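Report on the structure given below.
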Amino acid sequence: RMSTLVRHAAGGGRLYTKGASELVAALCSSYLAKDGSRQPLDANMMEEIMQHISGMAGHGLRTIAVAFCDVDDVEAVRGLEDAPTPEMALTFIGVLGIRDPPREEVPDAVRKCQQAGITVRMITGDNLLTAKSISREIGILTDGCAIEGPDFRRLDPDGQKEVLKTMQVMARCSPQDKLTMVRRLKEMGEVVAVTGDGTNDAPALKEADVGLSMGITGTSVAQEASDIIIMDDNFSSIVKSVLWGRSVYDNIRRFLQFQLTVNVTALITCLAGAVTGFGTPLKPIQLLWVNLIMDTLGALALATELPTPDMLLRKPYGRNDF
């Protein structure tokens, strides 16, 4: 939640609050009617408000509730770290639905990640219905399950690991939930990459095998805690980083295989000649030629190959694979 205090010239003030719809509505004891009067917020009106919230969220809208309360002791309110408190009895003003459509390239980028053997999970603070709608639209939520952060938090470690096997969406997620999820996945032997842009995301970014922060909207704390900074804040750039990462990895493998093959073969040949007494078949100048000319040019050719799209069609290597 976020609150703003507006002082009155005659003394006192009015505290305006916005935040997650369900949480703000739960703090309200009255609502603002069409004629501007305050009416008691009974169970029927609360149910109607929740139906509006669910309807907006089901269409992929992010919902924010707005409320207010009048205060007499302004200084006491300013001292609150998490204003307002449940005892302050807010007056409900309304619900706003914000449409934040995903970028056009995101569904294709998600599909490419899934083809590459990468499990994409959405971790968000949004309403569960909103998260489900958006995740289905971009192809994340298919045959898996969606869960809310408080429900995940109440599970024991073994239960969390069991849920993570099929979980594709976590809504109403706190930074601690995100960190816990990363730890559980690593305990399961998974290689974990996490994206984040806020200061609260720093622990999860640090804990993950690969932390990816946003270059435009990301805070300096998140960027310092991450391993990679996405300069354009675009999910499709993650696909490019995976493609280039696999290319560099394959090039290193080819380089090592080439060097080991040439040098081990030369070593065995020279050793066999020395042991049998027939002399070394390769002279020093020949070995120098192999190392300076053949090895150098061949290794450069293998180590500088550009990535190809078919690299995203195979499964990733394991944590301890070579």
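Just remember, in the structure tokens the first chain shown is A, the second B, etc., residues are 1-based per chain, and ligands are 1-based in the order shown.
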Near-Leu243 (chain A) list (7 Å; only C-alpha atoms; drop same-chain fewer than 4 positions) as a PyMOL selection string: chain A and resi 239+247+307+311-312
Take the residues just selected and output them with all heavy atoms as a tab-separated table (two decimals), in the first residue's frame.
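Output file selection-v8.tsv follows:
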```tsv
chain	number	residue	atom	x	y	z
A	239	VAL	N	16.09	-14.44	-24.33
A	239	VAL	CA	16.27	-15.50	-25.33
A	239	VAL	C	17.59	-15.31	-26.06
A	239	VAL	O	18.33	-16.28	-26.30
A	239	VAL	CB	15.09	-15.50	-26.33
A	239	VAL	CG1	15.28	-16.59	-27.37
A	239	VAL	CG2	13.77	-15.70	-25.60
A	247	SER	N	26.03	-20.68	-27.42
A	247	SER	CA	27.04	-20.62	-28.48
A	247	SER	C	28.45	-20.56	-27.90
A	247	SER	O	29.35	-21.27	-28.33
A	247	SER	CB	26.78	-19.39	-29.36
A	247	SER	OG	27.79	-19.25	-30.34
A	307	PRO	N	26.17	-18.03	-33.24
A	307	PRO	CA	25.05	-18.89	-32.83
A	307	PRO	C	24.06	-19.11	-33.96
A	307	PRO	O	23.89	-18.27	-34.85
A	307	PRO	CB	24.41	-18.10	-31.69
A	307	PRO	CG	24.80	-16.67	-31.94
A	307	PRO	CD	26.16	-16.73	-32.55
A	311	MET	N	20.18	-23.99	-31.92
A	311	MET	CA	20.71	-24.17	-30.57
A	311	MET	C	19.60	-24.09	-29.51
A	311	MET	O	19.76	-24.59	-28.40
A	311	MET	CB	21.78	-23.12	-30.26
A	311	MET	CG	23.07	-23.31	-31.02
A	311	MET	SD	24.30	-22.07	-30.58
A	311	MET	CE	25.72	-22.67	-31.51
A	312	LEU	N	18.48	-23.44	-29.85
A	312	LEU	CA	17.37	-23.32	-28.92
A	312	LEU	C	16.40	-24.49	-29.02
A	312	LEU	O	15.37	-24.49	-28.33
A	312	LEU	CB	16.60	-22.01	-29.19
A	312	LEU	CG	17.37	-20.71	-28.90
A	312	LEU	CD1	16.53	-19.52	-29.30
A	312	LEU	CD2	17.77	-20.63	-27.43
```
Give the alpha helix (DSSP H) residues of region 8-223 of chain A, as assigned by DSSP on the backbone, as a PyMOL selection string. chain A and resi 21-26+43-58+74-78+106-115+128-138+149-154+157-164+175-187+202-207+220-223
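Of the residues under consideration (A:Asp72, A:Asp250, A:Asp321, A:Asp201), A:Asp250 shows the shortest atom-to-atom contact distance to Leu306 (chain A) when counting only C-alpha atoms.
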Val24 (chain A): which residues within 12 Å, counting only C-alpha atoms, same-chain residues fewer than 4 positions away excluded, as a ChimeraX atom specification? /A:1-3,16-20,28-31,46,49-50,53,63-68,83-86,88-95
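Here CA of Thr296 (chain A) is placed at a distance of 15.6 Å from CA of Arg253 (chain A).
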